[in-house]
Amino acid sequence: MNTLQLNKAYDAFDHANSKDPNIEIVNGSSTPKELIYGQRMTKVLSSFAPNAPVALQLAARCQHICRWEIPRSNYEMNRVGYLTWRTELKKFHAKTASDILNRLNFDQDIIERVAFLLEKKRLKKDAGTQTLEDVICLVFLEYYYEEFRQKHTDEKVIDIVQKTWKKMSDSGHEAALKLSYSEKGLSLIKKALA
């Protein structure tokens, strides 16, 4: 697998995600939300697991591919609705990524592995799935946690941090504790872990 082919896949994923109508302001400019999310996933993966296999690098970049096409609002606003939405999303991301990788003539075993990772199969048992989950949690903590914290009650934030922590490995925890947080953000994390 050469870098050229990997970059072609990144470009294709980014092209798909650049159509996201949801916008995030990054360094003063408007950026499609899932486009910047995929790029952040790649950045965090490369520092957390610099020798990650190709399939994992691909899965990280397309973790939320075209997510806006299946809005949360299409499902009931309760736990069952949320879990159904998450299950549908995993299948959708796996299929969307597989279609793109097929068009780029990737090996079938890589395509199947990317789908496996995107469907979060064997979490805690499969090293690749666990690393992907760690990176997802680290991206949340590094880029989205402070904004989330400002919008929710302390109780809700503590609950989410505890749930996030449960999904992570020991090395994920270690990396999370090295991130920089606001004073309030850090105090809530400490409460969650107490």
# chains A, B, ... in the order shown; residues from 1 in each chain; ligands from 1
call {"tool": "closest_atom_pairs", "arguments": {"of": "range 82-135 of chain A", "to": "range 42-60 of chain A", "cutoff": "8 Å", "atoms": "only C-alpha atoms", "output": "JSON lines"}}
result
{"residue": "A:Ile110", "atom": "CA", "partner": "A:Ala55", "partner_atom": "CA", "distance": 5.7}
{"residue": "A:Ile111", "atom": "CA", "partner": "A:Ala55", "partner_atom": "CA", "distance": 7.5}
{"residue": "A:Arg113", "atom": "CA", "partner": "A:Ala55", "partner_atom": "CA", "distance": 6.1}
{"residue": "A:Val114", "atom": "CA", "partner": "A:Ala55", "partner_atom": "CA", "distance": 5.2}
{"residue": "A:Ala115", "atom": "CA", "partner": "A:Ala59", "partner_atom": "CA", "distance": 7.7}
{"residue": "A:Leu117", "atom": "CA", "partner": "A:Ala59", "partner_atom": "CA", "distance": 6.5}
{"residue": "A:Leu118", "atom": "CA", "partner": "A:Ala59", "partner_atom": "CA", "distance": 6.2}
{"residue": "A:Gly128", "atom": "CA", "partner": "A:Leu56", "partner_atom": "CA", "distance": 6.5}
{"residue": "A:Thr131", "atom": "CA", "partner": "A:Ala49", "partner_atom": "CA", "distance": 7.8}
{"residue": "A:Leu132", "atom": "CA", "partner": "A:Ala60", "partner_atom": "CA", "distance": 6.5}
{"residue": "A:Val135", "atom": "CA", "partner": "A:Leu45", "partner_atom": "CA", "distance": 6.0}
call {"tool": "residues_around", "arguments": {"residues": "Ala9 in chain A", "least_positions_apart": "4", "cutoff": "7 Å", "atoms": "only C-alpha atoms", "output": "MDAnalysis selection string"}}
result
chainID A and resid 5 13 101
call {"tool": "atom_distance", "arguments": {"atom1": "CA of Val161 in chain A", "atom2": "CA of Leu186 in chain A"}}
result
10.8 Å
call {"tool": "select_by_dssp", "arguments": {"residues": "chain A", "states": "helix (DSSP H, G or I)", "output": "PyMOL selection string"}}
result
chain A and resi 3-17+33-48+54-61+67-69+72-74+79-103+108-118+127-151+154-167+170-177+183-193
call {"tool": "residues_around", "arguments": {"residues": "Arg72 in chain A", "least_positions_apart": "5", "cutoff": "9 Å", "atoms": "only C-alpha atoms", "output": "PyMOL selection string"}}
result
chain A and resi 77+81-82+85-86
call {"tool": "closest_residue", "arguments": {"among": "A:Ile100, A:Ala176, A:Leu123, A:Met41", "to": "Lys8 in chain A", "atoms": "only C-alpha atoms"}}
result
A:Ile100
call {"tool": "closest_residue", "arguments": {"among": "A:Asp99, A:Glu183, A:Asp20, A:Glu133", "to": "Glu69 in chain A", "atoms": "only C-alpha atoms"}}
result
A:Asp20
call {"tool": "atom_distance", "arguments": {"atom1": "CA of Pro21 in chain A", "atom2": "CA of Arg79 in chain A"}}
result
26.2 Å
call {"tool": "atom_distance", "arguments": {"atom1": "CA of Leu193 in chain A", "atom2": "CA of Gly38 in chain A"}}
result
28.2 Å
call {"tool": "closest_residue", "arguments": {"among": "A:Ser182, A:Asn105, A:Ser187, A:Thr129", "to": "Asp154 in chain A", "atoms": "only C-alpha atoms"}}
result
A:Ser187
call {"tool": "select_by_dssp", "arguments": {"residues": "range 18-179 of chain A", "states": "strand (DSSP E)", "output": "VMD selection string"}}
result
chain A and resid 23 to 26 29 to 32
call {"tool": "write_last_selection", "arguments": {"atoms": "C-alpha atoms", "output": "PDB file, in the first residue's frame"}}
result
ATOM      1  CA  ILE A  23     -20.576  24.348   9.538  1.00  0.00           C
ATOM      2  CA  GLU A  24     -17.967  24.767  12.250  1.00  0.00           C
ATOM      3  CA  ILE A  25     -15.856  27.888  12.648  1.00  0.00           C
ATOM      4  CA  VAL A  26     -12.180  26.896  12.713  1.00  0.00           C
ATOM      5  CA  SER A  29     -13.216  30.368   8.766  1.00  0.00           C
ATOM      6  CA  SER A  30     -16.312  28.303   8.062  1.00  0.00           C
ATOM      7  CA  THR A  31     -15.522  24.624   7.545  1.00  0.00           C
ATOM      8  CA  PRO A  32     -17.900  21.711   6.897  1.00  0.00           C
TER       9      PRO A  32
END
call {"tool": "residues_around", "arguments": {"residues": "Glu155 in chain A", "least_positions_apart": "6", "cutoff": "12 Å", "atoms": "only C-alpha atoms", "output": "PyMOL selection string"}}
result
chain A and resi 149+161-162+188-189+191-192
call {"tool": "write_last_selection", "arguments": {"atoms": "N, CA, C and O atoms", "output": "tab-separated table (two decimals), in the first residue's frame"}}
result
chain	number	residue	atom	x	y	z
A	149	ARG	N	-19.16	21.06	27.52
A	149	ARG	CA	-19.22	21.36	28.96
A	149	ARG	C	-19.98	22.66	29.23
A	149	ARG	O	-20.74	22.76	30.18
A	161	VAL	N	-18.33	12.11	30.65
A	161	VAL	CA	-16.90	11.81	30.83
A	161	VAL	C	-16.73	10.37	31.33
A	161	VAL	O	-15.88	9.62	30.84
A	162	GLN	N	-17.58	9.96	32.27
A	162	GLN	CA	-17.49	8.57	32.79
A	162	GLN	C	-17.77	7.55	31.68
A	162	GLN	O	-17.07	6.55	31.57
A	188	LEU	N	-14.07	18.95	36.43
A	188	LEU	CA	-15.18	18.03	36.16
A	188	LEU	C	-14.65	16.64	35.78
A	188	LEU	O	-15.22	15.63	36.15
A	189	ILE	N	-13.54	16.60	35.03
A	189	ILE	CA	-12.94	15.32	34.68
A	189	ILE	C	-12.48	14.62	35.97
A	189	ILE	O	-12.72	13.42	36.16
A	191	LYS	N	-13.67	14.98	38.96
A	191	LYS	CA	-14.86	14.51	39.68
A	191	LYS	C	-15.39	13.24	39.05
A	191	LYS	O	-15.79	12.30	39.74
A	192	ALA	N	-15.39	13.21	37.72
A	192	ALA	CA	-15.91	12.04	37.01
A	192	ALA	C	-15.08	10.80	37.31
A	192	ALA	O	-15.61	9.69	37.39
call {"tool": "decode", "arguments": {"residues": "range 112-123 of chain A", "atoms": "all heavy atoms", "output": "mmCIF file, in the first residue's frame"}}
result
data_model
loop_
_atom_site.group_PDB
_atom_site.id
_atom_site.type_symbol
_atom_site.label_atom_id
_atom_site.label_comp_id
_atom_site.auth_asym_id
_atom_site.auth_seq_id
_atom_site.Cartn_x
_atom_site.Cartn_y
_atom_site.Cartn_z
ATOM 1 N N GLU A 112 -12.822 -4.715 3.682
ATOM 2 C CA GLU A 112 -13.579 -5.445 4.716
ATOM 3 C C GLU A 112 -13.113 -5.056 6.120
ATOM 4 O O GLU A 112 -13.920 -4.939 7.046
ATOM 5 C CB GLU A 112 -13.438 -6.959 4.508
ATOM 6 C CG GLU A 112 -14.322 -7.460 3.382
ATOM 7 C CD GLU A 112 -13.984 -8.878 2.929
ATOM 8 O OE1 GLU A 112 -13.325 -9.617 3.696
ATOM 9 O OE2 GLU A 112 -14.385 -9.241 1.798
ATOM 10 N N ARG A 113 -11.835 -4.845 6.265
ATOM 11 C CA ARG A 113 -11.291 -4.464 7.575
ATOM 12 C C ARG A 113 -11.768 -3.055 7.975
ATOM 13 O O ARG A 113 -12.118 -2.815 9.138
ATOM 14 C CB ARG A 113 -9.756 -4.532 7.538
ATOM 15 C CG ARG A 113 -9.068 -4.163 8.842
ATOM 16 C CD ARG A 113 -9.303 -5.175 9.935
ATOM 17 N NE ARG A 113 -8.608 -4.780 11.166
ATOM 18 C CZ ARG A 113 -9.003 -5.102 12.387
ATOM 19 N NH1 ARG A 113 -10.074 -5.853 12.569
ATOM 20 N NH2 ARG A 113 -8.328 -4.702 13.446
ATOM 21 N N VAL A 114 -11.796 -2.140 7.018
ATOM 22 C CA VAL A 114 -12.290 -0.781 7.299
ATOM 23 C C VAL A 114 -13.754 -0.858 7.756
ATOM 24 O O VAL A 114 -14.139 -0.242 8.754
ATOM 25 C CB VAL A 114 -12.141 0.149 6.063
ATOM 26 C CG1 VAL A 114 -12.877 1.468 6.270
ATOM 27 C CG2 VAL A 114 -10.664 0.411 5.761
ATOM 28 N N ALA A 115 -14.563 -1.654 7.057
ATOM 29 C CA ALA A 115 -15.988 -1.808 7.421
ATOM 30 C C ALA A 115 -16.110 -2.400 8.832
ATOM 31 O O ALA A 115 -16.917 -1.937 9.647
ATOM 32 C CB ALA A 115 -16.705 -2.674 6.398
ATOM 33 N N PHE A 116 -15.298 -3.397 9.119
ATOM 34 C CA PHE A 116 -15.282 -4.045 10.443
ATOM 35 C C PHE A 116 -15.007 -2.998 11.534
ATOM 36 O O PHE A 116 -15.692 -2.934 12.554
ATOM 37 C CB PHE A 116 -14.190 -5.130 10.439
ATOM 38 C CG PHE A 116 -13.963 -5.826 11.764
ATOM 39 C CD1 PHE A 116 -14.549 -7.059 12.014
ATOM 40 C CD2 PHE A 116 -13.136 -5.273 12.742
ATOM 41 C CE1 PHE A 116 -14.328 -7.721 13.232
ATOM 42 C CE2 PHE A 116 -12.914 -5.928 13.956
ATOM 43 C CZ PHE A 116 -13.515 -7.162 14.194
ATOM 44 N N LEU A 117 -14.001 -2.166 11.296
ATOM 45 C CA LEU A 117 -13.623 -1.131 12.261
ATOM 46 C C LEU A 117 -14.735 -0.091 12.416
ATOM 47 O O LEU A 117 -15.070 0.309 13.536
ATOM 48 C CB LEU A 117 -12.316 -0.447 11.840
ATOM 49 C CG LEU A 117 -11.065 -1.329 11.886
ATOM 50 C CD1 LEU A 117 -9.899 -0.650 11.160
ATOM 51 C CD2 LEU A 117 -10.667 -1.653 13.321
ATOM 52 N N LEU A 118 -15.319 0.335 11.305
ATOM 53 C CA LEU A 118 -16.379 1.354 11.364
ATOM 54 C C LEU A 118 -17.627 0.832 12.062
ATOM 55 O O LEU A 118 -18.386 1.599 12.646
ATOM 56 C CB LEU A 118 -16.728 1.860 9.957
ATOM 57 C CG LEU A 118 -15.645 2.694 9.274
ATOM 58 C CD1 LEU A 118 -16.043 3.016 7.849
ATOM 59 C CD2 LEU A 118 -15.360 3.976 10.046
ATOM 60 N N GLU A 119 -17.832 -0.476 12.000
ATOM 61 C CA GLU A 119 -18.997 -1.057 12.689
ATOM 62 C C GLU A 119 -18.676 -1.346 14.154
ATOM 63 O O GLU A 119 -19.494 -1.893 14.881
ATOM 64 C CB GLU A 119 -19.479 -2.299 11.948
ATOM 65 C CG GLU A 119 -20.138 -1.923 10.613
ATOM 66 C CD GLU A 119 -20.771 -3.098 9.895
ATOM 67 O OE1 GLU A 119 -21.457 -3.897 10.566
ATOM 68 O OE2 GLU A 119 -20.565 -3.218 8.677
ATOM 69 N N LYS A 120 -17.461 -0.951 14.591
ATOM 70 C CA LYS A 120 -17.033 -1.075 15.993
ATOM 71 C C LYS A 120 -17.143 -2.514 16.496
ATOM 72 O O LYS A 120 -17.563 -2.759 17.621
ATOM 73 C CB LYS A 120 -17.862 -0.157 16.918
ATOM 74 C CG LYS A 120 -17.906 1.289 16.531
ATOM 75 C CD LYS A 120 -16.569 1.966 16.709
ATOM 76 C CE LYS A 120 -16.634 3.420 16.403
ATOM 77 N NZ LYS A 120 -17.262 3.773 15.147
ATOM 78 N N LYS A 121 -16.797 -3.452 15.633
ATOM 79 C CA LYS A 121 -16.901 -4.860 16.033
ATOM 80 C C LYS A 121 -15.805 -5.234 17.031
ATOM 81 O O LYS A 121 -14.686 -4.765 16.914
ATOM 82 C CB LYS A 121 -16.838 -5.756 14.798
ATOM 83 C CG LYS A 121 -18.107 -5.627 13.942
ATOM 84 C CD LYS A 121 -18.119 -6.578 12.784
ATOM 85 C CE LYS A 121 -19.442 -6.478 12.043
ATOM 86 N NZ LYS A 121 -19.404 -7.205 10.776
ATOM 87 N N ARG A 122 -16.173 -6.042 17.979
ATOM 88 C CA ARG A 122 -15.245 -6.602 18.977
ATOM 89 C C ARG A 122 -14.486 -5.529 19.764
ATOM 90 O O ARG A 122 -13.298 -5.665 20.035
ATOM 91 C CB ARG A 122 -14.288 -7.591 18.323
ATOM 92 C CG ARG A 122 -14.987 -8.818 17.762
ATOM 93 C CD ARG A 122 -14.040 -9.811 17.107
ATOM 94 N NE ARG A 122 -12.978 -10.264 17.996
ATOM 95 C CZ ARG A 122 -13.126 -11.182 18.964
ATOM 96 N NH1 ARG A 122 -14.303 -11.737 19.171
ATOM 97 N NH2 ARG A 122 -12.102 -11.544 19.721
ATOM 98 N N LEU A 123 -15.207 -4.468 20.155
ATOM 99 C CA LEU A 123 -14.600 -3.422 20.984
ATOM 100 C C LEU A 123 -14.071 -4.061 22.256
ATOM 101 O O LEU A 123 -14.695 -4.956 22.805
ATOM 102 C CB LEU A 123 -15.656 -2.353 21.316
ATOM 103 C CG LEU A 123 -15.152 -1.157 22.112
ATOM 104 C CD1 LEU A 123 -14.062 -0.409 21.358
ATOM 105 C CD2 LEU A 123 -16.295 -0.184 22.409
#
